[in-house]
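Peer 1: Could you have a look at this structure, given as structure tokens, before my questions?
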Amino acid sequence: MKFMMIWRATDEAFANMGEFDFDKMLETVGRFNEDMIRAGVLLAAEGLSDPSEGVVVDYSTEPPVVTDGPYGETKELFNGFYIINVASKEEAIEWAKRAPITGPGFKTEIRRVPTIDEFPQDNEWIQKERAWRESTGQL
């Protein structure tokens with residue numbers, strides 16, 4: 001089963017990250033990544049740039065409104081993610097418990113990523129997506 005582990009941090013926790021030694025942080029995260037690679041569970045991992053570099057496309061009106069960051073409620077943002085392939089939600093939880101950056105204000109949300117097999121296979125759009133995934137080696 002695939003799961004996404006979404007790293008979240010409060011404004012205060014994110015601000016306190018500036019106090020961390022960057023090289024030490026890279027080493028700590030690198031060791032965690034290496035453990036997941038060795039275990040054969042890591043599929044993808046990415047950090048995200050500062051929210052001030054992003055935009056929000058709000059579809060509440062027509063046409064949609066585009067707003068530059070930073071956002072009003074940064075507590076709702078996430079800072080990076082992992083996609084892992086494990087046997088169960090419990091195993092995903094165990095990996096999240098080993099997260100390298102922890103402390104007050106840091107959280108990890110875990111959500112299962114459904115497979116294409118869970119969607120109606122007679123649907124034209126699912127068939128097109130399956131063909132694309134097969135042609136790109138994803139299936």
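By convention in this document, the chains of the structure tokens carry letters A, B, ... by their order, each chain's residues are numbered from 1, and ligands are numbered from 1 in the order they are shown.
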Quick one: DSSP strand (DSSP E) residues in segment 3-138 of chain A, as number ranges by chain?

Peer 2: A: 3-9, 42-47, 55-58, 65-68, 78-85, 106-113

Peer 1: Restricting the calculation to only C-alpha atoms: of A:Met36, A:Val56, A:Met1, A:Met17, which residue gets closest to Trp95 of chain A?

Peer 2: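 That would be A:Met36, the residue with the smallest distance to Trp95 of chain A.
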
Peer 1: Just list the residues in segment 22-90 of chain A DSSP gives alpha helix (DSSP H) on the backbone, as an MDAnalysis selection string.

Peer 2: chainID A and resid 22:39 89:90

Peer 1: Nearest residue to Lys97 of chain A out of A:Asp117, A:Glu34, A:Glu46, A:Glu109, using only C-alpha atoms?

Peer 2: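 Closest candidate: A:Glu109.
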